[in-house]
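Text of start-v7.pdb, listed as PDB, C-alpha atoms and all ligand atoms:
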MODEL        1
ATOM      1  CA  PRO M   1      -0.291 -13.927 -12.469
ATOM      2  CA  VAL M   2      -2.850 -11.403 -11.224
ATOM      3  CA  LEU M   3      -1.709  -8.363  -9.279
ATOM      4  CA  TYR M   4      -3.537  -7.783  -5.985
ATOM      5  CA  ILE M   5      -3.006  -4.095  -5.300
ATOM      6  CA  VAL M   6      -3.947  -3.175  -1.730
ATOM      7  CA  THR M   7      -4.616   0.490  -0.973
ATOM      8  CA  PRO M   8      -5.571   1.727   2.489
ATOM      9  CA  THR M   9      -7.239   5.133   2.403
ATOM     10  CA  PHE M  10      -8.735   7.630   4.838
ATOM     11  CA  ALA M  11     -10.832  10.796   4.596
ATOM     12  CA  ARG M  12      -8.949  14.072   4.243
ATOM     13  CA  ARG M  13      -8.866  16.927   1.742
ATOM     14  CA  GLU M  14      -6.261  15.244  -0.429
ATOM     15  CA  GLN M  15      -8.028  11.884  -0.588
ATOM     16  CA  PHE M  16     -10.063  12.371  -3.738
ATOM     17  CA  PRO M  17      -7.285  13.902  -5.842
ATOM     18  CA  GLU M  18      -4.804  11.263  -4.638
ATOM     19  CA  LEU M  19      -7.187   8.438  -5.528
ATOM     20  CA  THR M  20      -7.986  10.021  -8.877
ATOM     21  CA  ARG M  21      -4.277   9.986  -9.682
ATOM     22  CA  LEU M  22      -3.771   6.450  -8.423
ATOM     23  CA  SER M  23      -6.843   5.068 -10.213
ATOM     24  CA  GLN M  24      -5.658   6.621 -13.466
ATOM     25  CA  THR M  25      -2.244   5.004 -13.002
ATOM     26  CA  LEU M  26      -3.818   1.623 -12.249
ATOM     27  CA  PHE M  27      -6.068   1.965 -15.311
ATOM     28  CA  HIS M  28      -2.938   1.193 -17.333
ATOM     29  CA  VAL M  29      -2.136  -1.983 -15.400
ATOM     30  CA  PRO M  30      -3.611  -5.116 -16.978
ATOM     31  CA  HIS M  31      -4.834  -8.166 -15.089
ATOM     32  CA  MET M  32      -5.136  -6.746 -11.602
ATOM     33  CA  ILE M  33      -7.601  -6.469  -8.749
ATOM     34  CA  TRP M  34      -7.659  -3.274  -6.718
ATOM     35  CA  LEU M  35      -8.502  -3.722  -3.050
ATOM     36  CA  LEU M  36      -9.433  -0.249  -1.856
ATOM     37  CA  ILE M  37     -10.007  -0.335   1.878
ATOM     38  CA  GLU M  38     -11.235   2.622   3.853
ATOM     39  CA  ASP M  39     -10.369   3.606   7.396
ATOM     40  CA  THR M  40     -13.995   4.182   8.308
ATOM     41  CA  SER M  41     -17.122   2.222   9.174
ATOM     42  CA  GLU M  42     -19.023   2.483   5.890
ATOM     43  CA  CYS M  43     -17.955   2.582   2.246
ATOM     44  CA  SER M  44     -18.083   6.192   0.992
ATOM     45  CA  PRO M  45     -20.432   6.667  -1.954
ATOM     46  CA  ILE M  46     -17.972   9.066  -3.581
ATOM     47  CA  LEU M  47     -15.288   6.370  -3.618
ATOM     48  CA  SER M  48     -17.795   3.771  -4.835
ATOM     49  CA  SER M  49     -18.540   6.016  -7.788
ATOM     50  CA  LEU M  50     -14.846   6.576  -8.468
ATOM     51  CA  LEU M  51     -14.326   2.804  -8.484
ATOM     52  CA  GLU M  52     -17.327   2.251 -10.749
ATOM     53  CA  ARG M  53     -15.978   4.779 -13.195
ATOM     54  CA  CYS M  54     -12.370   3.631 -13.387
ATOM     55  CA  GLN M  55     -12.917   0.262 -15.151
ATOM     56  CA  ILE M  56     -10.587  -1.689 -12.877
ATOM     57  CA  PRO M  57     -11.809  -4.890 -11.202
ATOM     58  CA  TYR M  58     -12.031  -3.907  -7.549
ATOM     59  CA  VAL M  59     -13.002  -4.883  -4.034
ATOM     60  CA  HIS M  60     -14.262  -2.017  -1.879
ATOM     61  CA  MET M  61     -14.137  -2.672   1.853
ATOM     62  CA  VAL M  62     -13.824  -0.898   5.183
ATOM     63  CA  ALA M  63     -11.543  -1.759   8.102
ATOM     64  CA  PRO M  64     -11.382   1.082  10.616
ATOM     65  CA  MET M  65      -8.394   1.657  12.845
ATOM     66  CA  PRO M  66      -9.137   0.146  16.292
ATOM     67  CA  ALA M  67     -10.405   2.836  18.681
ATOM     68  CA  GLN M  68      -7.506   2.450  21.110
ATOM     69  CA  PHE M  69      -5.127   3.959  18.513
ATOM     70  CA  LEU M  70      -7.258   7.005  17.775
ATOM     71  CA  VAL M  71      -5.909   8.699  20.892
ATOM     72  CA  THR M  72      -2.209   7.847  20.474
ATOM     73  CA  ALA M  73       0.193  10.397  18.980
ATOM     74  CA  LYS M  74       1.642   7.979  16.413
ATOM     75  CA  LYS M  75      -0.908   5.834  14.657
ATOM     76  CA  PRO M  76      -0.452   2.503  12.902
ATOM     77  CA  ARG M  77      -1.726   3.887   9.610
ATOM     78  CA  GLY M  78      -3.422   1.549   7.202
ATOM     79  CA  VAL M  79      -2.693  -1.558   9.289
ATOM     80  CA  SER M  80      -6.333  -2.599   9.843
ATOM     81  CA  GLN M  81      -6.955  -2.326   6.135
ATOM     82  CA  ARG M  82      -3.894  -4.308   5.103
ATOM     83  CA  ASN M  83      -4.824  -7.058   7.570
ATOM     84  CA  ALA M  84      -8.344  -7.109   6.139
ATOM     85  CA  ALA M  85      -6.853  -7.528   2.662
ATOM     86  CA  LEU M  86      -4.592 -10.340   3.857
ATOM     87  CA  GLN M  87      -7.569 -12.127   5.415
ATOM     88  CA  TRP M  88      -9.620 -11.616   2.269
ATOM     89  CA  ILE M  89      -6.887 -13.265   0.214
ATOM     90  CA  LEU M  90      -6.365 -16.129   2.669
ATOM     91  CA  THR M  91     -10.080 -16.870   2.946
ATOM     92  CA  HIS M  92     -10.570 -17.057  -0.830
ATOM     93  CA  PRO M  93      -8.455 -20.033  -1.906
ATOM     94  CA  GLU M  94     -10.225 -19.986  -5.263
ATOM     95  CA  LEU M  95      -8.420 -16.761  -6.221
ATOM     96  CA  PRO M  96      -6.072 -17.036  -9.182
ATOM     97  CA  GLU M  97      -2.353 -17.098  -8.431
ATOM     98  CA  GLY M  98      -0.795 -13.710  -8.169
ATOM     99  CA  VAL M  99       1.263 -11.112  -6.413
ATOM    100  CA  LEU M 100       0.279  -8.804  -3.564
ATOM    101  CA  TYR M 101       1.547  -5.228  -3.378
ATOM    102  CA  PHE M 102       0.724  -2.574  -0.774
ATOM    103  CA  ALA M 103       0.215   0.672  -2.705
ATOM    104  CA  ASP M 104      -0.485   3.597  -0.367
ATOM    105  CA  ASP M 105      -2.954   6.103  -1.796
ATOM    106  CA  ASP M 106      -0.418   8.946  -1.848
ATOM    107  CA  ASN M 107       2.598   7.238  -3.448
ATOM    108  CA  THR M 108       3.656   7.641  -7.091
ATOM    109  CA  PHE M 109       4.289   4.684  -9.376
ATOM    110  CA  ASP M 110       6.107   4.127 -12.650
ATOM    111  CA  LEU M 111       4.155   1.568 -14.690
ATOM    112  CA  ARG M 112       7.358  -0.492 -15.047
ATOM    113  CA  LEU M 113       7.046  -1.345 -11.348
ATOM    114  CA  PHE M 114       3.812  -3.257 -11.909
ATOM    115  CA  LYS M 115       5.290  -5.173 -14.832
ATOM    116  CA  ASP M 116       8.292  -6.069 -12.715
ATOM    117  CA  ILE M 117       6.560  -7.196  -9.496
ATOM    118  CA  ARG M 118       4.427  -9.655 -11.462
ATOM    119  CA  LYS M 119       7.588 -11.817 -11.661
ATOM    120  CA  THR M 120       7.668 -12.252  -7.868
ATOM    121  CA  GLN M 121       7.946 -15.957  -6.985
ATOM    122  CA  LYS M 122       8.228 -15.570  -3.203
ATOM    123  CA  VAL M 123       9.019 -12.071  -1.957
ATOM    124  CA  SER M 124      10.605  -9.316  -4.002
ATOM    125  CA  MET M 125      12.230  -6.040  -2.961
ATOM    126  CA  PHE M 126      13.269  -2.887  -4.834
ATOM    127  CA  PRO M 127      14.200   0.771  -4.212
ATOM    128  CA  ILE M 128      11.729   3.487  -3.221
ATOM    129  CA  GLY M 129      12.513   7.170  -3.698
ATOM    130  CA  LEU M 130      11.852  10.265  -1.594
ATOM    131  CA  MET M 131      12.489   8.469   1.662
ATOM    132  CA  GLY M 132      13.933  10.408   4.571
ATOM    133  CA  GLU M 133      17.193  12.331   4.444
ATOM    134  CA  THR M 134      19.007   9.859   2.223
ATOM    135  CA  GLY M 135      16.305  10.318  -0.401
ATOM    136  CA  ILE M 136      16.089   6.593  -0.971
ATOM    137  CA  ASN M 137      15.388   3.291   0.742
ATOM    138  CA  SER M 138      16.775   0.268  -1.016
ATOM    139  CA  PRO M 139      17.882  -3.304  -0.657
ATOM    140  CA  VAL M 140      21.631  -3.735  -1.166
ATOM    141  CA  VAL M 141      22.370  -6.383  -3.780
ATOM    142  CA  ARG M 142      25.537  -8.439  -4.124
ATOM    143  CA  ASN M 143      25.893 -11.213  -6.709
ATOM    144  CA  GLY M 144      22.180 -11.035  -7.411
ATOM    145  CA  GLN M 145      21.237 -11.509  -3.752
ATOM    146  CA  VAL M 146      19.804  -9.061  -1.238
ATOM    147  CA  VAL M 147      22.440  -8.812   1.510
ATOM    148  CA  GLY M 148      21.354  -5.676   3.387
ATOM    149  CA  PHE M 149      19.499  -2.382   3.187
ATOM    150  CA  ILE M 150      19.937   1.360   2.821
ATOM    151  CA  SER M 151      17.558   3.189   5.120
ATOM    152  CA  ASP M 152      17.640   6.380   7.143
ATOM    153  CA  TRP M 153      16.237   4.478  10.111
ATOM    154  CA  PHE M 154      17.060   0.908  11.042
ATOM    155  CA  GLY M 155      15.647   0.667  14.558
ATOM    156  CA  LYS M 156      15.644  -2.946  15.633
ATOM    157  CA  ARG M 157      14.385  -4.069  12.282
ATOM    158  CA  LYS M 158      15.567  -7.172  10.464
ATOM    159  CA  PHE M 159      13.927  -5.874   7.275
ATOM    160  CA  PRO M 160      14.187  -2.052   7.381
ATOM    161  CA  VAL M 161      11.974  -1.561   4.338
ATOM    162  CA  ASP M 162       9.056   0.687   3.508
ATOM    163  CA  MET M 163       5.585  -0.596   2.678
ATOM    164  CA  GLY M 164       6.163   0.311  -0.974
ATOM    165  CA  GLU M 165       9.486  -1.513  -1.173
ATOM    166  CA  PHE M 166       8.351  -5.143  -1.468
ATOM    167  CA  ALA M 167       5.818  -7.481  -3.075
ATOM    168  CA  VAL M 168       4.760 -11.009  -2.161
ATOM    169  CA  ASN M 169       3.445 -13.950  -4.135
ATOM    170  CA  ILE M 170       0.164 -14.987  -2.495
ATOM    171  CA  ARG M 171       1.267 -18.636  -2.624
ATOM    172  CA  TYR M 172       4.095 -17.662  -0.264
ATOM    173  CA  LEU M 173       1.440 -16.460   2.222
ATOM    174  CA  THR M 174      -0.481 -19.686   2.212
ATOM    175  CA  TYR M 175       2.427 -21.808   3.509
ATOM    176  CA  ASN M 176       1.811 -20.581   7.035
ATOM    177  CA  PRO M 177      -1.413 -18.551   7.165
ATOM    178  CA  ALA M 178      -1.322 -18.281  10.958
ATOM    179  CA  LYS M 179       1.777 -16.079  10.667
ATOM    180  CA  VAL M 180       0.318 -13.747   8.050
ATOM    181  CA  ALA M 181      -0.443 -10.475   9.845
ATOM    182  CA  MET M 182       0.772  -6.935  10.099
ATOM    183  CA  PRO M 183       1.415  -5.769  13.677
ATOM    184  CA  PHE M 184      -0.115  -2.550  15.032
ATOM    185  CA  MET M 185       3.390  -1.371  15.946
ATOM    186  CA  VAL M 186       4.337   2.009  14.552
ATOM    187  CA  GLY M 187       7.592   1.737  12.635
ATOM    188  CA  TYR M 188       7.578  -2.050  12.720
ATOM    189  CA  GLU M 189       4.584  -2.809  10.471
ATOM    190  CA  GLU M 190       6.623  -3.952   7.473
ATOM    191  CA  ASP M 191       9.270  -5.719   9.555
ATOM    192  CA  GLY M 192       6.687  -7.592  11.619
ATOM    193  CA  PHE M 193       4.816  -8.700   8.529
ATOM    194  CA  LEU M 194       7.981  -9.807   6.716
ATOM    195  CA  ARG M 195       9.422 -11.625   9.741
ATOM    196  CA  GLY M 196       6.230 -13.663   9.820
ATOM    197  CA  ILE M 197       6.489 -14.804   6.221
ATOM    198  CA  VAL M 198      10.098 -14.688   4.963
ATOM    199  CA  LYS M 199      11.719 -18.049   5.540
ATOM    200  CA  LYS M 200      15.245 -17.373   4.316
ATOM    201  CA  TRP M 201      17.301 -14.515   2.871
ATOM    202  CA  SER M 202      17.688 -16.319  -0.421
ATOM    203  CA  ASP M 203      13.888 -16.180  -0.863
ATOM    204  CA  ILE M 204      14.197 -12.415  -1.423
ATOM    205  CA  GLU M 205      14.271 -11.512  -5.107
ATOM    206  CA  PRO M 206      15.819  -8.149  -6.026
ATOM    207  CA  LEU M 207      13.812  -6.382  -8.747
ATOM    208  CA  ALA M 208      14.064  -3.074 -10.638
ATOM    209  CA  GLU M 209      17.124  -4.233 -12.596
ATOM    210  CA  GLY M 210      19.051  -5.445  -9.588
ATOM    211  CA  CYS M 211      17.734  -2.566  -7.444
ATOM    212  CA  THR M 212      19.332   0.046  -9.709
ATOM    213  CA  LYS M 213      16.052   1.764 -10.684
ATOM    214  CA  VAL M 214      13.531   3.795  -8.725
ATOM    215  CA  TRP M 215      10.013   3.024  -9.917
ATOM    216  CA  VAL M 216       8.049   4.078  -6.832
ATOM    217  CA  TRP M 217       8.223   7.262  -4.750
ATOM    218  CA  HIS M 218       7.024   7.985  -1.262
ATOM    219  CA  THR M 219       5.262  11.217  -2.209
ATOM    220  CA  THR M 220       3.158  13.089   0.365
ATOM    221  CA  ALA M 221       0.822  16.012  -0.159
ATOM    222  CA  GLU M 222       1.421  18.903   2.182
ATOM    223  CA  GLU M 223      -0.877  18.337   5.106
ATOM    224  CA  SER M 224      -3.906  20.570   5.227
ATOM    225  CA  LEU M 225      -5.558  21.380   8.508
ATOM    226  CA  LEU M 226      -8.663  22.609   6.736
ATOM    227  CA  PRO M 227     -11.820  20.540   7.124
ATOM    228  CA  VAL M 228     -12.522  17.566   4.888
ATOM    229  CA  ILE M 229     -14.783  18.645   2.054
ATOM    230  CA  ASN M 230     -14.269  15.746  -0.296
ATOM    231  CA  SER M 231     -17.134  13.752   1.129
ATOM    232  CA  ARG M 232     -18.986  15.642  -1.589
ATOM    233  CA  GLY M 233     -15.902  16.113  -3.836
ATOM    234  CA  GLY M 234     -15.688  15.599  -7.582
ATOM    235  CA  ASP M 235     -16.891  17.903 -10.350
ATOM    236  CA  SER M 236     -20.663  17.358 -10.440
ATOM    237  CA  ASN M 237     -20.857  17.886  -6.705
ATOM    238  CA  LEU M 238     -19.827  21.503  -7.009
ATOM    239  CA  ARG M 239     -23.090  22.049  -8.874
ATOM    240  CA  ASP M 240     -25.041  20.339  -6.078
ATOM    241  CA  LEU M 241     -23.216  22.431  -3.550
ATOM    242  CA  LEU M 242     -23.930  25.697  -5.370
ATOM    243  CA  SER M 243     -27.565  24.797  -5.941
ATOM    244  CA  GLU M 244     -27.947  24.511  -2.195
ATOM    245  CA  LEU M 245     -26.666  28.052  -1.540
TER     246      LEU M 245
HETATM  247  C1  LIG H 301       4.751   5.374   5.784
HETATM  248  C2  LIG H 301       4.675   4.054   5.033
HETATM  249  O1  LIG H 301       4.940   4.263   3.657
HETATM  250  C3  LIG H 301       3.279   3.496   5.193
HETATM  251  O2  LIG H 301       3.101   2.372   4.389
HETATM  252  C4  LIG H 301       3.057   3.230   6.630
HETATM  253  O3  LIG H 301       1.771   2.713   6.835
HETATM  254  C5  LIG H 301       3.192   4.532   7.401
HETATM  255  O4  LIG H 301       4.458   5.138   7.143
HETATM  256  C6  LIG H 301       3.045   4.323   8.879
HETATM  257  O5  LIG H 301       3.330   3.254   9.341
HETATM  258  O6  LIG H 301       2.703   5.248   9.559
HETATM  259  P1  LIG H 301       3.342   7.656   5.466
HETATM  260  O7  LIG H 301       3.438   8.405   4.201
HETATM  261  O8  LIG H 301       4.061   8.164   6.662
HETATM  262  O9  LIG H 301       3.782   6.171   5.165
HETATM  263  O10 LIG H 301       1.831   7.383   5.885
HETATM  264  P2  LIG H 301       0.484   7.745   5.150
HETATM  265  O11 LIG H 301       0.692   7.839   3.677
HETATM  266  O12 LIG H 301      -0.138   8.867   5.840
HETATM  267  O13 LIG H 301      -0.396   6.453   5.473
HETATM  268  C7  LIG H 301      -0.152   5.172   4.908
HETATM  269  C8  LIG H 301      -1.444   4.617   4.329
HETATM  270  O14 LIG H 301      -2.409   4.474   5.381
HETATM  271  C9  LIG H 301      -2.076   5.526   3.276
HETATM  272  O15 LIG H 301      -2.594   4.744   2.217
HETATM  273  C10 LIG H 301      -3.187   6.255   4.038
HETATM  274  O16 LIG H 301      -4.288   6.582   3.218
HETATM  275  C11 LIG H 301      -3.563   5.236   5.100
HETATM  276  N1  LIG H 301      -4.016   5.882   6.371
HETATM  277  C12 LIG H 301      -3.310   6.881   6.960
HETATM  278  C13 LIG H 301      -5.197   5.447   6.970
HETATM  279  O17 LIG H 301      -5.857   4.551   6.435
HETATM  280  N2  LIG H 301      -5.613   6.032   8.140
HETATM  281  C14 LIG H 301      -4.923   7.044   8.745
HETATM  282  O18 LIG H 301      -5.359   7.542   9.802
HETATM  283  C15 LIG H 301      -3.733   7.467   8.133
HETATM  284 MN    MN H 302       2.334   8.332   2.537
ENDMDL
END
Show how you would write the structure in this file as structure tokens.
Amino acid sequence: PVLYIVTPTFARREQFPELTRLSQTLFHVPHMIWLLIEDTSECSPILSSLLERCQIPYVHMVAPMPAQFLVTAKKPRGVSQRNAALQWILTHPELPEGVLYFADDDNTFDLRLFKDIRKTQKVSMFPIGLMGETGINSPVVRNGQVVGFISDWFGKRKFPVDMGEFAVNIRYLTYNPAKVAMPFMVGYEEDGFLRGIVKKWSDIEPLAEGCTKVWVWHTTAEESLLPVINSRGGDSNLRDLLSEL
């Protein structure tokens, strides 16, 4: 099976270094397609050149956050982009069978994760590190079955999991395409998506050696309030910048 790795991204100082790191991780993952989807109205040339350089089959798209959310305090981050990726997959039935994984641009991945999620038949779940006060989010496994979750926030969620904590076989999406969507509801993006597609608890496959290993971390760069300068970014651009002084 092919891996469909979906990465929402948005312009900020840390964007270029984060994507450099992620692209150099994904370089080591065979048989995958990288869907890099920007939260803006036009594909950035700097990201096009990064994609060209990294030798990974890719799809470069944009799907900006709807304007109504730009003014709200808490934003549904990356939701437009993930929905665009879901629609892209659903509207291309000729795509080879495979597994979808939402890989945020700032997370950190052990290569064993990608090997493992390729086994996903329906929907798989596994631990993610550096989450909240507990330090971990994880499915709870009993007799090889997912029976509950560890999370520092449950809310009213049926599936209190992070975006990086599950993968889905794209065949599992095509059973009921009308229900395949991620809601623009802060805190409930994963739960809403999973409620739409997961038919029964026994469809959930625990991975990472029965959820005993952490192969993905919810890392975050310290937020910088300085202006975005990476629209030029990269090494050769420094020369351009200096030549303009
Ligand atoms: C957590 C979850 O891990 C995310 O998957 C989830 O989307 C997010 O919460 C949320 O619902 O707010 P967190 O680290 O808090 O993630 O969020 P970010 O890493 O800032 O954003 C998640 C993804 O959306 C990233 O790939 C980021 O590049 C992208 N994003 C963020 C945008 O496309 N636009 C934005 O304005 C902000
Ligand atoms: Mn993040």
Problem set entry | Resolved residues for the PyMOL selection byres (((chain M and resi 23-34) around 9) and not hetatm) as a VMD selection string | chain M and resid 1 to 7 18 to 22 35 to 36 50 to 51 54 to 60 98 108 to 111 114 to 115
Exercise answer, 7 Å around ligand MN 302 (chain H) with all atoms listed in the file, as a compact mmCIF listing (two decimals) with C-alpha atoms, in the frame of the given file:
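Output file pocket.txt follows:
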# COMPACT_ATOMS: atom_id res chain seq x y z
CA ASP M 104 -0.48 3.60 -0.37
CA ASP M 106 -0.42 8.95 -1.85
CA ASN M 107 2.60 7.24 -3.45
CA HIS M 218 7.02 7.98 -1.26
CA THR M 219 5.26 11.22 -2.21
CA THR M 220 3.16 13.09 0.36
Exercise. Rounded to one decimal in Å, what is the spacing between CA of Thr91 (chain M) and atom O2 of ligand LIG 301 (chain H)?
Worked result: 23.4 Å
Pull the closest atom pair for each residue of chain M that gets at most 10 Å from ligand LIG 301 (chain H), along with the distance in Å to one decimal, counting all atoms listed in the file, ordering rows by chain and then ascending residue number, as JSON lines.
{"residue": "M:Val6", "atom": "CA", "partner": "H:LIG301", "partner_atom": "O15", "distance": 9.0}
{"residue": "M:Thr7", "atom": "CA", "partner": "H:LIG301", "partner_atom": "O15", "distance": 5.7}
{"residue": "M:Pro8", "atom": "CA", "partner": "H:LIG301", "partner_atom": "O15", "distance": 4.2}
{"residue": "M:Thr9", "atom": "CA", "partner": "H:LIG301", "partner_atom": "O16", "distance": 3.4}
{"residue": "M:Phe10", "atom": "CA", "partner": "H:LIG301", "partner_atom": "O17", "distance": 4.5}
{"residue": "M:Ala11", "atom": "CA", "partner": "H:LIG301", "partner_atom": "O16", "distance": 7.9}
{"residue": "M:Arg12", "atom": "CA", "partner": "H:LIG301", "partner_atom": "O16", "distance": 8.9}
{"residue": "M:Glu14", "atom": "CA", "partner": "H:LIG301", "partner_atom": "O16", "distance": 9.6}
{"residue": "M:Gln15", "atom": "CA", "partner": "H:LIG301", "partner_atom": "O16", "distance": 7.5}
{"residue": "M:Glu18", "atom": "CA", "partner": "H:LIG301", "partner_atom": "O16", "distance": 9.2}
{"residue": "M:Leu19", "atom": "CA", "partner": "H:LIG301", "partner_atom": "O16", "distance": 9.4}
{"residue": "M:Leu36", "atom": "CA", "partner": "H:LIG301", "partner_atom": "O15", "distance": 9.4}
{"residue": "M:Ile37", "atom": "CA", "partner": "H:LIG301", "partner_atom": "O17", "distance": 7.9}
{"residue": "M:Glu38", "atom": "CA", "partner": "H:LIG301", "partner_atom": "O17", "distance": 6.3}
{"residue": "M:Asp39", "atom": "CA", "partner": "H:LIG301", "partner_atom": "O17", "distance": 4.7}
{"residue": "M:Thr40", "atom": "CA", "partner": "H:LIG301", "partner_atom": "O17", "distance": 8.4}
{"residue": "M:Val62", "atom": "CA", "partner": "H:LIG301", "partner_atom": "O17", "distance": 9.7}
{"residue": "M:Ala63", "atom": "CA", "partner": "H:LIG301", "partner_atom": "O17", "distance": 8.7}
{"residue": "M:Pro64", "atom": "CA", "partner": "H:LIG301", "partner_atom": "O17", "distance": 7.7}
{"residue": "M:Met65", "atom": "CA", "partner": "H:LIG301", "partner_atom": "N2", "distance": 7.0}
{"residue": "M:Phe69", "atom": "CA", "partner": "H:LIG301", "partner_atom": "O18", "distance": 9.4}
{"residue": "M:Leu70", "atom": "CA", "partner": "H:LIG301", "partner_atom": "O18", "distance": 8.2}
{"residue": "M:Lys74", "atom": "CA", "partner": "H:LIG301", "partner_atom": "O6", "distance": 7.5}
{"residue": "M:Lys75", "atom": "CA", "partner": "H:LIG301", "partner_atom": "O6", "distance": 6.3}
{"residue": "M:Pro76", "atom": "CA", "partner": "H:LIG301", "partner_atom": "O5", "distance": 5.2}
{"residue": "M:Arg77", "atom": "CA", "partner": "H:LIG301", "partner_atom": "C12", "distance": 4.3}
{"residue": "M:Gly78", "atom": "CA", "partner": "H:LIG301", "partner_atom": "O14", "distance": 3.6}
{"residue": "M:Val79", "atom": "CA", "partner": "H:LIG301", "partner_atom": "O3", "distance": 6.6}
{"residue": "M:Ser80", "atom": "CA", "partner": "H:LIG301", "partner_atom": "O17", "distance": 7.9}
{"residue": "M:Gln81", "atom": "CA", "partner": "H:LIG301", "partner_atom": "O17", "distance": 7.0}
{"residue": "M:Arg82", "atom": "CA", "partner": "H:LIG301", "partner_atom": "O14", "distance": 8.9}
{"residue": "M:Phe102", "atom": "CA", "partner": "H:LIG301", "partner_atom": "O2", "distance": 7.5}
{"residue": "M:Ala103", "atom": "CA", "partner": "H:LIG301", "partner_atom": "O15", "distance": 7.0}
{"residue": "M:Asp104", "atom": "CA", "partner": "H:LIG301", "partner_atom": "O15", "distance": 3.5}
{"residue": "M:Asp105", "atom": "CA", "partner": "H:LIG301", "partner_atom": "O15", "distance": 4.3}
{"residue": "M:Asp106", "atom": "CA", "partner": "H:LIG301", "partner_atom": "O11", "distance": 5.7}
{"residue": "M:Asn107", "atom": "CA", "partner": "H:LIG301", "partner_atom": "O11", "distance": 7.4}
{"residue": "M:Ile128", "atom": "CA", "partner": "H:LIG301", "partner_atom": "O1", "distance": 9.7}
{"residue": "M:Met131", "atom": "CA", "partner": "H:LIG301", "partner_atom": "O1", "distance": 8.9}
{"residue": "M:Val161", "atom": "CA", "partner": "H:LIG301", "partner_atom": "O1", "distance": 9.2}
{"residue": "M:Asp162", "atom": "CA", "partner": "H:LIG301", "partner_atom": "O1", "distance": 5.5}
{"residue": "M:Met163", "atom": "CA", "partner": "H:LIG301", "partner_atom": "O2", "distance": 4.2}
{"residue": "M:Gly164", "atom": "CA", "partner": "H:LIG301", "partner_atom": "O1", "distance": 6.2}
{"residue": "M:Glu165", "atom": "CA", "partner": "H:LIG301", "partner_atom": "O1", "distance": 8.8}
{"residue": "M:Phe184", "atom": "CA", "partner": "H:LIG301", "partner_atom": "O5", "distance": 8.8}
{"residue": "M:Met185", "atom": "CA", "partner": "H:LIG301", "partner_atom": "O5", "distance": 8.1}
{"residue": "M:Val186", "atom": "CA", "partner": "H:LIG301", "partner_atom": "O5", "distance": 5.5}
{"residue": "M:Gly187", "atom": "CA", "partner": "H:LIG301", "partner_atom": "O5", "distance": 5.6}
{"residue": "M:Tyr188", "atom": "CA", "partner": "H:LIG301", "partner_atom": "O5", "distance": 7.6}
{"residue": "M:Glu189", "atom": "CA", "partner": "H:LIG301", "partner_atom": "O5", "distance": 6.3}
{"residue": "M:Glu190", "atom": "CA", "partner": "H:LIG301", "partner_atom": "O2", "distance": 7.9}
{"residue": "M:Trp217", "atom": "CA", "partner": "H:LIG301", "partner_atom": "O1", "distance": 9.5}
{"residue": "M:His218", "atom": "CA", "partner": "H:LIG301", "partner_atom": "O1", "distance": 6.5}
{"residue": "M:Thr219", "atom": "CA", "partner": "H:LIG301", "partner_atom": "O7", "distance": 7.2}
{"residue": "M:Thr220", "atom": "CA", "partner": "H:LIG301", "partner_atom": "O7", "distance": 6.1}
{"residue": "M:Ala221", "atom": "CA", "partner": "H:LIG301", "partner_atom": "O11", "distance": 9.0}
{"residue": "M:Glu223", "atom": "CA", "partner": "H:LIG301", "partner_atom": "O12", "distance": 9.5}
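Take the PyMOL selection byres (((chain M and resi 159) around 8) and not hetatm) and apply it to this file: it picks Phe149, Arg157, Lys158, Pro160, Val161, Glu190, Asp191, Leu194 and Arg195 of chain M.
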For this session: Just say which residues the PyMOL selection byres (((chain M and resi 116) around 12) and not hetatm) picks in this file, as number ranges by chain.
Result: M: 1, 3, 29, 99, 101, 109-115, 117-121, 124-126, 166-167, 205-211, 213-216
For this session: Tell me which of M:Pro45, M:Pro96, M:Pro127, M:Trp201 sits closest to Val140 (chain M), counting all atoms listed in the file.
Result: M:Pro127
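Rounded to one decimal, CA of Asn83 (chain M) and CA of Tyr172 (chain M) lie 15.9 Å from each other.
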For this session: Tell me, in Å to one decimal, how far CA of Glu42 (chain M) is from CA of Pro183 (chain M).
Result: 23.4 Å
Reconstruct N, CA and C atoms of region 57-63 of chain M; output as a JSON list (two decimals), in the coordinates of the input.
[["chain", "number", "residue", "atom", "x", "y", "z"],
["M", 57, "PRO", "N", -11.13, -3.97, -12.13],
["M", 57, "PRO", "CA", -11.81, -4.89, -11.20],
["M", 57, "PRO", "C", -11.41, -4.55, -9.77],
["M", 58, "TYR", "N", -12.39, -4.39, -8.88],
["M", 58, "TYR", "CA", -12.03, -3.91, -7.55],
["M", 58, "TYR", "C", -12.81, -4.61, -6.46],
["M", 59, "VAL", "N", -12.29, -4.48, -5.25],
["M", 59, "VAL", "CA", -13.00, -4.88, -4.03],
["M", 59, "VAL", "C", -12.99, -3.64, -3.15],
["M", 60, "HIS", "N", -14.16, -3.22, -2.71],
["M", 60, "HIS", "CA", -14.26, -2.02, -1.88],
["M", 60, "HIS", "C", -14.69, -2.46, -0.49],
["M", 61, "MET", "N", -13.83, -2.22, 0.49],
["M", 61, "MET", "CA", -14.14, -2.67, 1.85],
["M", 61, "MET", "C", -13.82, -1.56, 2.85],
["M", 62, "VAL", "N", -14.23, -1.79, 4.10],
["M", 62, "VAL", "CA", -13.82, -0.90, 5.18],
["M", 62, "VAL", "C", -13.14, -1.74, 6.26],
["M", 63, "ALA", "N", -12.21, -1.12, 6.96],
["M", 63, "ALA", "CA", -11.54, -1.76, 8.10],
["M", 63, "ALA", "C", -10.98, -0.63, 8.96]]
